[in-house]
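Encoded as structure tokens, the structure appears first; notes follow it.
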Amino acid sequence: MEILGSIVLVVHLAGFAALFGAWLVEIVNRRTNVTRLMQWGLVVTLVAGLALAAPWGIHHELDYAKIGVKLVILVVIGALLGIIGARQRRGARVAAPLFWAIGVLTLGNAALAVIW
Ligand code: HEM
């Protein structure tokens, strides 16, 4: 069970890497586009995170307050991806601060996971 838990944690981290990496690619190229990789990264992070939050395979106590806060932040990131994606499809301008919030919240969630 422990090895399975570790694999799911690696998948969770791969989802985070995809979401944050795809966001960084847009930022360094001075774009504010929501991409498919960001959406997939978010879904993978969520599914693996929920699996990790089930009481199995983890060798230490789960902090459900921390997990709850991370879940709320992930939902906000999902909403931002949805809002910006919809504006993109309409050809409307995307406010840069909204796009920046995706990366800041994603990195914030990683910091929360490690520091809390
Ligand atoms: C963008 C969103 C997220 C990011 C960037 C993120 C990041 C991370 C990172 C970096 C770790 C490793 C921490 C460590 O082992 O010290 C971790 C672990 C974990 N994450 Fe996430 N996470 C996110 C969302 C979620 C969600 C939505 C859930 C559950 C609903 C979740 C549940 C967990 C659990 C249970 C662990 C392992 C136990 C722990 O150390 O708390 N994560 N996450």
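Labeling convention for the structure tokens: chains A, B, ... as they appear, residues from 1 per chain, ligands from 1 in order of appearance.
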Residues within 6 Å of ligand 1, counting only C-alpha atoms and all ligand atoms: report them as an NGL selection string.
:A and (16 or 45-46 or 49-50 or 52-53 or 67 or 70-71 or 74 or 106-107 or 109-110 or 113-114)
Please report, as a PyMOL selection string, each residue of chain A to which DSSP assigns alpha helix (DSSP H) when run on this structure's backbone.
chain A and resi 2-28+36-53+64-90+96-115
d(atom CA of Ile77 of chain A, atom CA of Ala18 of chain A) in Å
13.9 Å
For a quick check of understanding, using only C-alpha atoms, which of A:Ala111, A:Val10, A:Ala17, A:Ile27 has the smallest distance to Gly41 of chain A?
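Nearest to Gly41 of chain A: A:Ala17.
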Give me the residues near Gln39 of chain A as a VMD selection string, where near means some atom within 8 Å (using only C-alpha atoms) and where sequence neighbours in that chain fewer than 4 positions away do not count.
chain A and resid 19 34 to 35 43 78 81
